[in-house]
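Below: one structure, written as structure tokens.
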Amino acid sequence: MDGEVAAPPPHSPSPETVQVCTEGQLLKDGRWSGQVHGRDVVVFHHQGRCYAMDRICHHAGGPLQDGDIEDIAGHTCVVCPWHKIKITLETGESLYRAIDPATIKQRPPKTRWTSKGVKQRTHTVEIRDRNVYVTLSNNEQKVDSDYYYSEDYKKLVSASQRGST
């Protein structure tokens, strides 16, 4: 399934909603990745729930479809395989371990999981008639993972391709 470009099925209720795979495929593989309207998306199925988000990690472009799923402080997260960035599947928040300032002189100091805020764009995923559908987010508030779909990034990639030929 990886790398396939999804197309809207003829019976799709909205042109923005795209069938990406069957429910059976998602349950078997646990994840699907491909493009939806030109955006790289990954869909995860974990403990009976489905989540969709940008496939490219906000931090440094890592492949989230290859990341492990872990429970971090009560949040289901994907761990980017490149730099171990933890991203909540439900909201796209990036989590890190912050040092409790009151324990700074202790060895080791106490830490707690803290949010950096929403860094990864999440999308709507639903299962209907044994098929999995994704609707891209229409939230206009920018998040860090949007960079990989910006004109600046496209120019950077284009320039690096020209330089390598």
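Identifiers in the structure tokens: chain A, B, ... in order shown; residue index from 1 per chain; ligand index from 1 in order shown.
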
Next item on the list: Please report, as a list in words, each residue of stretch 20-54 of chain A to which DSSP assigns strand (DSSP E or B) when run on this structure's backbone.
Entry: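 Listing strand (DSSP E or B) positions across stretch 20-54 of chain A yields Val20, Cys21, Thr22, Arg31, Trp32, Ser33, Gly34, Gln35, Val36, Arg39, Asp40, Val41, Val42, Val43, Phe44, His45, His46, Arg49, Cys50, Tyr51, Ala52, Met53 and Asp54 of chain A.
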
Next item on the list: Find the residues around A:Ile56 up to 10 Å (only C-alpha atoms counted), leave out those fewer than 2 positions away in its own chain, and share them as a list of chain:residue names.
Entry: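 Result of the neighbour search: A:Arg39, A:Asp40, A:Val41, A:Val42, A:Met53, A:Asp54, A:His58, A:His59, A:Ala60, A:Gly61, A:Gly62, A:Pro63, A:Leu64, A:Gln65, A:Cys80, A:Gln120, A:Arg121, A:Ser145, A:Asp146, A:Tyr147, A:Tyr148, A:Tyr149.
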
Next item on the list: Give me every helix (DSSP H, G or I) residue in stretch 9-163 of chain A, going by DSSP on the backbone, as a PyMOL selection string.
Entry: chain A and resi 23-29+64-66+101-103+144-149+151-163

Margin query: Would you pick out the contacts of A:Pro101 at 9 Å or less, using only C-alpha atoms, so that residues sharing its chain but fewer than 5 positions from it are not included, and give the list as an NGL selection string?
Written below: :A and (109-111)

The selected residues should be written to file as a compact mmCIF listing (two decimals), in the first residue's frame (atoms: N, CA, C and O atoms).
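Full text of again-v8.txt as output:
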# COMPACT_ATOMS: atom_id res chain seq x y z
N PRO A 109 17.83 15.20 37.90
CA PRO A 109 16.65 16.04 38.17
C PRO A 109 15.38 15.33 37.68
O PRO A 109 15.44 14.49 36.79
N LYS A 110 14.26 15.69 38.26
CA LYS A 110 12.99 15.10 37.84
C LYS A 110 12.57 15.74 36.52
O LYS A 110 12.80 16.92 36.29
N THR A 111 11.93 14.93 35.68
CA THR A 111 11.43 15.43 34.40
C THR A 111 9.94 15.13 34.29
O THR A 111 9.42 14.29 35.03

Item checked: Proximity to A:Ile69 - best of A:Phe44, A:Trp32, A:Tyr153, A:Trp82, only C-alpha atoms ->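 The closest residue to A:Ile69 is A:Phe44.
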